Each structure stands twice: as C-alpha cells, then as structure tokens.
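File shown here: upload_34.cif, holding mmCIF, C-alpha atoms.
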```cif
data_query
#
loop_
_atom_site.label_atom_id
_atom_site.label_comp_id
_atom_site.auth_asym_id
_atom_site.auth_seq_id
_atom_site.Cartn_x
_atom_site.Cartn_y
_atom_site.Cartn_z
CA MET A 1 167.11 137.61 108.15
CA THR A 2 165.40 135.65 105.47
CA ASP A 3 161.68 136.03 105.43
CA LEU A 4 160.12 132.65 104.83
CA THR A 5 156.67 134.06 104.07
CA GLN A 6 157.97 135.35 100.74
CA TYR A 7 158.02 131.76 99.46
CA LEU A 8 154.37 131.46 100.42
CA ASP A 9 153.74 134.61 98.40
CA TYR A 10 155.57 133.16 95.39
CA ALA A 11 153.57 129.95 95.65
CA LEU A 12 150.30 131.89 95.83
CA ILE A 13 151.23 134.06 92.84
CA GLY A 14 152.13 130.94 90.89
CA MET A 15 148.78 129.39 91.73
CA LEU A 16 147.03 132.62 90.73
CA LEU A 17 148.77 132.52 87.35
CA ALA A 18 147.86 128.86 86.83
CA VAL A 19 144.21 129.50 87.72
CA ALA A 20 144.10 132.56 85.44
CA PHE A 21 145.41 130.53 82.49
CA ALA A 22 142.93 127.77 83.24
CA ILE A 23 140.09 130.33 83.24
CA VAL A 24 141.20 131.63 79.85
CA ARG A 25 141.54 128.17 78.33
CA LEU A 26 138.38 126.52 79.66
CA ARG A 27 135.11 126.50 77.70
CA ASN A 28 132.85 125.08 80.40
CA LEU A 29 131.28 128.10 82.09
CA PHE A 30 130.52 126.26 85.33
CA ALA A 31 134.20 125.40 85.73
CA VAL A 32 135.12 128.99 84.87
CA VAL A 33 132.81 130.40 87.56
CA MET A 34 134.18 127.99 90.14
CA LEU A 35 137.76 128.80 89.19
CA MET A 36 137.03 132.50 89.55
CA GLY A 37 135.92 131.76 93.10
CA VAL A 38 139.18 129.87 93.62
CA TYR A 39 141.05 132.85 92.18
CA SER A 40 139.38 135.21 94.68
CA LEU A 41 140.13 132.86 97.55
CA LEU A 42 143.81 132.67 96.54
CA CYS A 43 143.86 136.47 96.32
CA ALA A 44 142.40 136.64 99.83
CA ALA A 45 145.06 134.25 101.14
CA TRP A 46 147.73 136.39 99.52
CA PHE A 47 146.29 139.56 101.08
CA VAL A 48 146.39 137.88 104.50
CA SER A 49 150.03 137.04 103.86
CA LEU A 50 150.60 140.74 103.07
CA ASP A 51 148.90 141.75 106.38
CA ALA A 52 145.94 143.35 104.62
CA VAL A 53 143.33 141.40 106.56
CA ASP A 54 140.44 143.80 105.95
CA VAL A 55 140.95 143.65 102.20
CA ALA A 56 141.35 139.88 102.39
CA PHE A 57 138.08 139.61 104.27
CA THR A 58 136.25 141.66 101.67
CA GLU A 59 137.81 139.68 98.83
CA ALA A 60 136.81 136.38 100.39
CA ALA A 61 133.25 137.49 101.13
CA VAL A 62 132.52 139.43 97.94
CA GLY A 63 134.82 137.83 95.39
CA ALA A 64 134.62 134.20 96.42
CA GLY A 65 131.14 134.29 97.95
CA ILE A 66 128.65 136.65 96.37
CA SER A 67 130.17 137.01 92.89
CA THR A 68 130.35 133.24 92.48
CA VAL A 69 126.69 132.86 93.39
CA LEU A 70 125.60 135.73 91.14
CA LEU A 71 127.69 134.43 88.24
CA LEU A 72 126.22 130.95 88.75
CA ALA A 73 122.72 132.45 88.69
CA ALA A 74 123.58 134.37 85.53
CA MET A 75 125.10 131.24 83.98
CA LEU A 76 121.91 129.26 84.58
CA LEU A 77 120.12 131.80 82.34
CA THR A 78 122.51 131.29 79.42
CA ALA A 79 124.41 128.45 77.82
CA ARG A 80 126.72 126.21 79.84
CA GLU A 81 129.50 126.25 77.26
CA ALA A 82 131.24 129.22 75.75
CA GLU A 83 131.20 129.49 71.97
CA PRO A 84 134.49 128.18 70.56
CA SER A 85 136.48 131.19 69.45
CA LYS A 86 137.64 131.42 65.86
CA PRO A 87 141.13 130.06 65.32
CA GLN A 88 142.69 133.34 64.25
CA ARG A 89 145.54 135.26 65.81
CA HIS A 90 144.67 138.64 67.33
CA TRP A 91 147.92 140.45 66.61
CA ALA A 92 146.61 143.87 67.68
CA ALA A 93 145.50 142.49 71.05
CA LEU A 94 148.85 140.79 71.52
CA ALA A 95 150.66 144.06 70.76
CA VAL A 96 148.54 145.95 73.30
CA VAL A 97 149.13 143.30 75.97
CA VAL A 98 152.88 143.17 75.34
CA ALA A 99 153.15 146.98 75.42
CA ALA A 100 151.14 147.25 78.64
CA GLY A 101 153.13 144.44 80.23
CA ALA A 102 156.42 146.06 79.25
CA ALA A 103 155.27 149.38 80.70
CA LEU A 104 154.31 147.69 83.96
CA LEU A 105 157.66 145.89 84.20
CA TYR A 106 159.42 149.18 83.45
CA ALA A 107 157.54 150.78 86.35
CA VAL A 108 158.37 148.05 88.87
CA PRO A 109 161.74 149.49 90.04
CA ASP A 110 159.99 152.76 90.96
CA MET A 111 157.64 151.03 93.35
CA PRO A 112 158.36 151.37 97.08
CA VAL A 113 159.74 148.42 98.98
CA TYR A 114 157.00 146.39 100.66
CA GLY A 115 156.34 147.84 104.11
CA ASP A 116 158.52 150.90 103.53
CA ALA A 117 157.56 153.48 106.18
CA GLU A 118 158.86 156.31 103.99
CA SER A 119 156.83 155.42 100.93
CA VAL A 120 154.32 157.99 99.74
CA ALA A 121 151.33 155.92 100.79
CA ASN A 122 152.64 155.56 104.34
CA ALA A 123 154.42 158.87 104.89
CA TYR A 124 151.99 161.76 104.80
CA VAL A 125 148.30 161.37 105.56
CA GLY A 126 148.71 157.66 106.31
CA ARG A 127 151.14 158.39 109.14
CA ASP A 128 148.80 161.08 110.45
CA TYR A 129 145.98 158.57 110.63
CA LEU A 130 148.17 156.06 112.45
CA GLU A 131 149.30 158.65 114.96
CA GLN A 132 146.01 160.47 115.49
CA THR A 133 143.53 157.60 115.64
CA PRO A 134 144.17 156.73 119.32
CA HIS A 135 143.59 160.38 120.28
CA ASP A 136 140.78 161.25 117.87
CA ILE A 137 138.69 158.11 117.61
CA ALA A 138 140.02 155.64 120.20
CA VAL A 139 139.22 152.65 118.00
CA PRO A 140 141.78 149.83 117.87
CA ASN A 141 141.22 149.01 114.19
CA ILE A 142 142.59 151.97 112.27
CA VAL A 143 141.05 150.74 109.04
CA THR A 144 137.62 151.13 110.62
CA ALA A 145 138.55 154.56 111.99
CA VAL A 146 139.65 155.77 108.56
CA LEU A 147 136.76 154.14 106.76
CA SER A 148 133.92 155.30 108.94
CA SER A 149 135.14 158.40 110.71
CA TYR A 150 137.93 160.23 108.89
CA ARG A 151 136.55 159.22 105.51
CA GLY A 152 132.92 158.87 106.53
CA PHE A 153 131.73 160.99 103.66
CA ASP A 154 133.49 158.72 101.15
CA THR A 155 131.92 155.69 102.76
CA LEU A 156 128.52 157.34 102.48
CA GLY A 157 129.28 157.72 98.80
CA GLU A 158 130.20 154.04 98.52
CA THR A 159 126.99 153.03 100.24
CA VAL A 160 125.02 155.20 97.84
CA VAL A 161 126.86 153.56 94.93
CA ILE A 162 125.85 150.11 96.16
CA PHE A 163 122.29 151.32 96.68
CA THR A 164 122.23 152.72 93.14
CA ALA A 165 123.55 149.43 91.76
CA GLY A 166 120.78 147.53 93.51
CA LEU A 167 118.23 150.07 92.28
CA GLY A 168 119.45 149.65 88.72
CA VAL A 169 119.20 145.86 88.88
CA ILE A 170 115.70 146.07 90.35
CA LEU A 171 114.59 148.53 87.67
CA LEU A 172 115.99 146.30 84.92
CA LEU A 173 115.02 142.86 86.20
CA GLY A 174 112.46 143.37 88.96
CA PHE A 175 112.15 140.98 91.86
CA GLY A 176 111.60 137.96 89.67
CA GLY A 177 108.15 138.94 88.51
CA ARG A 178 106.04 137.44 91.26
CA LYS A 179 105.53 140.41 93.51
CA ARG A 180 104.82 143.17 91.00
CA GLU A 181 101.10 143.09 90.48
CA PRO A 182 100.04 146.78 90.35
CA LYS A 183 101.14 147.36 86.77
CA GLY A 184 99.24 144.48 85.26
CA LYS A 185 100.16 144.90 81.64
CA PRO A 186 103.98 144.95 81.78
CA ALA A 187 104.04 142.07 84.27
CA ALA A 188 101.79 139.93 82.10
CA LYS A 189 103.89 140.80 79.10
CA ALA A 190 107.15 139.97 80.84
CA ALA A 191 105.93 136.71 82.31
CA PRO A 192 105.93 134.51 79.19
CA ALA A 193 109.32 135.84 78.19
CA ALA A 194 110.81 135.02 81.57
CA ARG A 195 109.41 131.51 81.36
CA ALA A 196 110.43 130.91 77.80
CA PRO A 197 111.84 127.42 78.52
CA LYS A 198 108.38 126.28 79.56
CA ALA A 199 106.76 127.42 76.32
CA GLY A 200 103.99 125.24 74.97
CA LYS A 201 101.28 126.08 77.46
CA PRO A 202 101.30 129.86 77.27
CA ALA A 203 98.08 130.43 79.22
CA LYS A 204 99.19 128.97 82.51
CA PRO A 205 102.05 131.27 83.55
CA VAL A 206 99.92 134.37 83.05
CA LYS A 207 97.15 132.94 85.19
CA GLU A 208 99.63 132.02 87.87
CA GLU A 209 100.95 135.55 87.75
CA GLY A 210 97.54 137.04 88.40
CA ALA A 211 96.66 134.63 91.20
CA SER A 212 99.63 135.19 93.46
CA MET B 1 112.29 111.43 101.34
CA SER B 2 113.40 114.78 100.00
CA PRO B 3 116.45 114.91 97.78
CA HIS B 4 119.67 116.52 99.00
CA LEU B 5 118.92 115.45 102.56
CA ILE B 6 122.53 115.92 103.70
CA LEU B 7 122.70 119.37 102.13
CA ARG B 8 119.48 120.36 103.86
CA VAL B 9 120.55 119.16 107.30
CA VAL B 10 124.04 120.63 107.08
CA SER B 11 122.86 123.98 105.77
CA LYS B 12 120.18 124.14 108.45
CA LEU B 13 122.98 123.80 110.97
CA LEU B 14 125.26 126.23 109.17
CA ILE B 15 122.92 129.11 108.34
CA PRO B 16 122.45 130.35 111.94
CA ILE B 17 126.21 130.16 112.46
CA ILE B 18 126.82 132.12 109.25
CA VAL B 19 124.41 134.86 110.32
CA VAL B 20 125.82 135.04 113.85
CA PHE B 21 129.33 135.25 112.39
CA GLY B 22 128.07 138.10 110.19
CA PHE B 23 126.88 139.99 113.26
CA TYR B 24 130.17 139.28 115.01
CA VAL B 25 132.02 140.78 112.03
CA GLN B 26 129.63 143.72 112.14
CA PHE B 27 129.93 144.62 115.81
CA HIS B 28 133.55 143.61 116.24
CA GLY B 29 134.64 145.73 113.28
CA ASP B 30 136.09 148.39 115.60
CA PHE B 31 138.48 145.90 117.13
CA GLY B 32 139.35 143.44 114.38
CA PRO B 33 139.00 143.13 110.66
CA GLY B 34 135.48 143.58 109.44
CA GLY B 35 132.71 146.11 109.26
CA GLY B 36 129.42 146.76 107.60
CA PHE B 37 130.42 145.80 104.07
CA GLN B 38 131.78 142.37 104.96
CA ALA B 39 129.05 141.67 107.50
CA GLY B 40 126.36 142.65 105.03
CA VAL B 41 127.70 140.24 102.46
CA ILE B 42 127.97 137.41 105.01
CA VAL B 43 124.40 137.89 106.24
CA ALA B 44 123.18 137.97 102.65
CA VAL B 45 125.11 134.76 101.93
CA GLY B 46 123.22 133.06 104.76
CA VAL B 47 119.89 133.91 103.13
CA ILE B 48 121.16 132.99 99.66
CA LEU B 49 122.31 129.59 100.93
CA TYR B 50 118.81 129.12 102.36
CA ALA B 51 117.31 130.04 98.99
CA LEU B 52 119.61 127.67 97.12
CA ILE B 53 118.83 124.70 99.36
CA PHE B 54 115.16 125.24 100.21
CA GLY B 55 113.98 127.07 97.10
CA MET B 56 113.11 130.64 96.21
CA GLU B 57 109.56 130.46 97.56
CA GLU B 58 110.75 129.57 101.04
CA ALA B 59 113.38 132.29 100.95
CA ARG B 60 110.82 134.85 99.79
CA ARG B 61 108.63 133.87 102.73
CA ALA B 62 111.53 134.16 105.19
CA VAL B 63 112.89 137.46 103.83
CA PRO B 64 110.17 139.16 101.77
CA PRO B 65 111.36 141.21 98.80
CA ALA B 66 109.36 144.17 100.09
CA ALA B 67 111.40 144.19 103.29
CA VAL B 68 114.59 143.97 101.24
CA ARG B 69 113.48 146.94 99.20
CA TYR B 70 112.75 149.07 102.27
CA LEU B 71 115.97 148.06 104.05
CA MET B 72 118.02 149.09 101.02
CA ALA B 73 116.82 152.65 101.34
CA ALA B 74 116.72 152.60 105.14
CA GLY B 75 120.46 151.90 105.32
CA VAL B 76 121.39 154.90 103.18
CA LEU B 77 118.90 157.05 105.08
CA LEU B 78 120.37 155.95 108.42
CA PHE B 79 123.90 156.76 107.23
CA ALA B 80 122.95 160.15 105.85
CA GLY B 81 120.68 160.77 108.82
CA VAL B 82 123.62 160.40 111.20
CA GLY B 83 125.33 163.10 109.16
CA VAL B 84 122.33 165.40 109.43
CA ALA B 85 122.07 164.67 113.16
CA THR B 86 125.69 165.69 113.66
CA LEU B 87 124.88 168.95 111.87
CA LEU B 88 121.95 169.63 114.17
CA MET B 89 123.43 168.40 117.47
CA ASN B 90 126.60 170.46 117.49
CA GLY B 91 127.17 172.51 120.63
CA ALA B 92 127.37 176.27 120.52
CA GLY B 93 130.51 177.73 119.01
CA GLU B 94 131.88 174.44 117.66
CA PRO B 95 132.45 174.07 113.95
CA VAL B 96 129.57 172.28 112.26
CA ASN B 97 130.63 169.28 110.20
CA PHE B 98 128.71 166.63 108.31
CA LEU B 99 129.39 163.19 109.88
CA ASP B 100 131.49 164.67 112.70
CA TYR B 101 130.49 162.08 115.30
CA ASP B 102 131.96 163.97 118.25
CA ALA B 103 128.77 166.02 118.24
CA LEU B 104 126.68 162.94 119.03
CA HIS B 105 127.75 162.69 122.67
CA PRO B 106 129.14 165.30 125.08
CA ASP B 107 131.71 162.87 126.54
CA GLN B 108 134.77 163.97 124.58
CA SER B 109 137.43 162.33 126.74
CA HIS B 110 136.28 158.79 125.90
CA HIS B 111 135.18 159.57 122.34
CA THR B 112 131.76 158.09 123.03
CA GLY B 113 130.29 160.11 120.19
CA GLN B 114 132.77 158.55 117.75
CA HIS B 115 131.79 155.06 118.90
CA TYR B 116 128.08 155.84 118.55
CA GLY B 117 128.60 157.32 115.11
CA ILE B 118 130.68 154.41 113.82
CA LEU B 119 128.17 151.91 115.22
CA LEU B 120 125.24 153.69 113.55
CA ILE B 121 126.78 154.22 110.15
CA GLU B 122 128.09 150.65 110.07
CA LEU B 123 124.53 149.53 110.76
CA GLY B 124 123.42 151.62 107.80
CA VAL B 125 126.09 150.01 105.63
CA LEU B 126 125.02 146.55 106.85
CA PHE B 127 121.37 147.19 105.93
CA THR B 128 122.15 148.55 102.48
CA VAL B 129 124.82 146.02 101.51
CA SER B 130 122.97 142.93 102.68
CA SER B 131 119.66 143.97 101.15
CA VAL B 132 121.22 145.07 97.85
CA MET B 133 123.01 141.72 97.57
CA LEU B 134 119.73 139.94 98.30
CA ALA B 135 117.85 142.15 95.86
CA ILE B 136 120.32 141.34 93.09
CA PHE B 137 120.13 137.65 93.94
CA TYR B 138 116.31 137.72 93.97
CA ALA B 139 116.29 139.54 90.65
CA PHE B 140 118.62 136.98 89.06
CA ALA B 141 117.26 133.86 90.68
CA GLY B 142 113.63 134.88 90.19
CA ARG B 143 114.13 134.43 86.44
CA ILE B 144 115.27 130.83 86.77
CA PRO B 145 112.11 128.72 87.14
CA ASP B 146 113.54 126.07 89.43
CA LEU B 147 116.88 124.38 89.65
CA PRO B 148 116.44 121.00 87.92
CA ASP B 149 117.97 118.04 89.69
CA GLU B 150 120.60 117.40 87.04
CA ASP B 151 122.04 120.88 87.65
CA TRP B 152 123.09 120.06 91.20
#
```

The structure in this file should be written as structure tokens.
Amino acid sequence: MTDLTQYLDYALIGMLLAVAFAIVRLRNLFAVVMLMGVYSLLCAAWFVSLDAVDVAFTEAAVGAGISTVLLLAAMLLTAREAEPSKPQRHWAALAVVVAAGAALLYAVPDMPVYGDAESVANAYVGRDYLEQTPHDIAVPNIVTAVLSSYRGFDTLGETVVIFTAGLGVILLLGFGGRKREPKGKPAAKAAPAARAPKAGKPAKPVKEEGAS
Amino acid sequence: MSPHLILRVVSKLLIPIIVVFGFYVQFHGDFGPGGGFQAGVIVAVGVILYALIFGMEEARRAVPPAAVRYLMAAGVLLFAGVGVATLLMNGAGEPVNFLDYDALHPDQSHHTGQHYGILLIELGVLFTVSSVMLAIFYAFAGRIPDLPDEDW
C-alpha cells in the first residue's frame, strides 16, 4: 500500500529547506522574522502530518505566534537591515557543517522506521504509558496524562523554568519603565536612555515619569 | 476617523474568539490536543493583539502589569501547592507522593482525584505561561515609544 501522505511530507520538507535558505540569504530583518513564522507554521503542518498534534499545536502557538511577535518587538528596537557580511569564505565553518552533516547522514540507517512499535521510544516505558493510562488516569489524551500526571514533577520544573525566564526578563528590562516609581533614581536614570530616539528635549520624559 | 479602522474592527471581533478558543484548549486538553502551555500562549496572544492594535496604554489598563506579575507567581504556587496538598491529604497507610493526584479525592474507581489534579495544575500552567508571555511582551514593547504609522 503506497502511503500518499509521504509526498505531502516531502513537499513540506522542501518548503522548509527553501524558507531556511531564504532566511539565510535575506538582509531585511522584517522579512526574516516573517519567514521564521512561516517556517514554524510549516513545521507545525509537518508535525500534524506525522500525527504529533500536541507538538504541532505548541509549535504553531509558540513558534509562529509568540516568537514572531517578540522578535518583531525586538527588531523595532534595532536596525531594520542586517549588516552586510564580509565577502570572505569561512572554511572552518564549512568543514564543521560538512562533518556534522556527514555524521547525521551516517546515523540515518540506525534510526527506527517511522511508527515502529518495537522502536526504543515506543517499546518500554512508552508502551507502559499507553497500556496503563486508561486504568491509572482515565484520560483520553495520553499526552496530557503523561505530561501532567505521570511526569507531573517534570512539568512543574518546566513551569518554574518559564517563570524564571519571565523573572529574568523583568529584572533586566522592567515593565517598560512606567510602573516602577518606588526606586526613583534608577527609573529616572533609565528613562532618557529608553527614549533615546526622542532626544532633544531631555526634561520632558523625566517629568512624565514622575507624574504617572 | 482613526487609522487602521478595518484592523480595529476585525481585531475587536477576533479577540474574544481567540480568548475563548484558548479556554477551550485549556479545558479540553484531557480529551484532545492542548493543555496549559498552548492555552496560555493563545490567551496571551489575544492580549498582545489588543496591545498591537489599540496601543500599550490601553492594554496596560485592560491587563495591568501588576496583575501579570502576581499571576506569574500564583501559577507556580498553585502547581506546587497541589503537590503539597497531595502530600498532606494522603489517607492512612498509603504511600505519600508529591503530585500523586489520587490523594485528592477518595473516589478511586473513577479517578476523580486524577481529574482534579490535572485540572488544577493545568490552571497553574495557564496562569504562569500566559502571564510570563505578557510580561516579556510588556518588557519589550514598553521600550518602543509608539509604533509610527510608516511601520505598519
């Protein structure tokens, strides 16, 4: 039986390659950010084709949604065009890439066939989860059962990681400067720097800062 | 007339649907694809779309940064608190395990405790993920004075 969905997979991989090359070649950062969103969306479509809907969902929401917005916000703070790179050949980089690619290709025959029930990932603890979830958890979506019940402690760790990431960003950047009044001196110091584009009337931003 | 009228009208229609879809993903995560991580991101995207269209000031009024800051911690506390509750609520003689949701409810035959536990910790994940995404967006976007018209 020929599986027609494999041609969809080939098409998606081809599009992924094309988008990746376009990202490398382009100098306009706005186009690069948008193409990275496209890349994530293609990845998500491919994951759906591979029956990994939960991963696809996360990729579409995080990769195509949030990362694109955050990269756009970061891009607005810098230049819109990347610096043109110097026209020299990076032979060392090429050697590393070729060696890594050759090693990956060498490893391909050892990989299990797609959907192989006897592969290591599916055979031991994976099979236990599939068999035990209806008796232990009684939740139809086994991904959720593994994520939140069997591996609840890991998920707690992931949540703490996300929390720590947010904490780090807040400590570094603050909430945009408007809401942090208690420490008057650092806020007043940071304000003109954050509004550097509007330089020329330096008194006004500081006053605005104190009033709000 | 305000600029970007079509964007404003369409996003006003879309934002409630986005948030409701986020809650669907959240509470339907036991049955279909989804869960706290995805739902948190989707809910955050609703607010970020609001901020992009209507401006940071409006978004700050709708979802204050202080609330975002508290929710960030509240999510982790809720998640870890469920674990502590399972430690405390275990019946006599049963092994005590962190995040063993069976302890949450005596009805073992229907796994009610598991359902409660998954619901609660997914809520914790939703709170933390959505508010961290918003906090990062506020931190980034707060440094950009205002999006000039030629950047649209």

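When all atoms listed in the file are used to measure the gap to Leu17 of chain A, the shortest distance among A:Asp116, A:Asp51, A:Tyr106, A:Leu42 belongs to A:Leu42.
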
One number please: atom CA of Val129 of chain B to atom CA of Leu104 of chain B, in Å, one decimal. 24.4 Å

Counting all atoms listed in the file, note down every residue that has an atom within 9 Å of the point (111.8, 140.8, 97.5) (file coordinates), as a list in words.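 Here the neighbourhood of the point contains Gly174, Phe175, Gly176 and Lys179 of chain A; Arg60, Val63, Pro64, Pro65, Ala66, Ala67, Val68, Arg69, Leu134, Ala135, Tyr138 and Ala139 of chain B.
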
What is the atom CA of Glu158 of chain A to atom CA of Arg143 of chain B distance in Å?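 Answer for the atom CA of Glu158 of chain A to atom CA of Arg143 of chain B separation: 28.1 Å.
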
Output the residue selection produced by the PyMOL selection byres ((chain A and resi 40) around 7) on the file above, formatted as a list in words.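 On this input, the PyMOL selection byres ((chain A and resi 40) around 7) captures Met36, Gly37, Val38, Tyr39, Leu41, Leu42, Cys43, Ala44, Glu59, Ala60, Gly63 and Ala64 of chain A.
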
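Each of B:Ala59, B:Val76, B:Ala85, B:Leu119 was checked against Asp100 of chain B using all atoms listed in the file; the smallest atom-to-atom distance is that of B:Ala85.
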
Pull out every residue that the PyMOL selection byres ((chain A) within 8 of (chain B)) matches in the shown coordinates and put them as an MDAnalysis selection string. chainID A and resid 53:54 57:58 61:62 65:66 70 73:74 76:77 136:141 144:145 148:149 152:153 156 159:160 162:163 165:166 169:170 173:177 179 194:195

Using atom CA of Gly22 of chain B and atom CA of Tyr150 of chain A as the two end points, give the distance in Å to one decimal.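 Straight-line distance from atom CA of Gly22 of chain B to atom CA of Tyr150 of chain A works out to 24.3 Å.
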
Residue with smallest distance to Val19 of chain B - pool B:Met89, B:Ala62, B:Leu7, B:Gly46, counting all atoms listed in the file: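 For Val19 of chain B, the nearest of the candidates is B:Gly46.
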
If the PyMOL selection byres ((chain B and resi 53) around 12) is run on the structure shown, which residues does it catch, given as a VMD selection string? chain B and resid 2 to 12 14 to 15 46 to 52 54 to 59 146 to 147 149 152
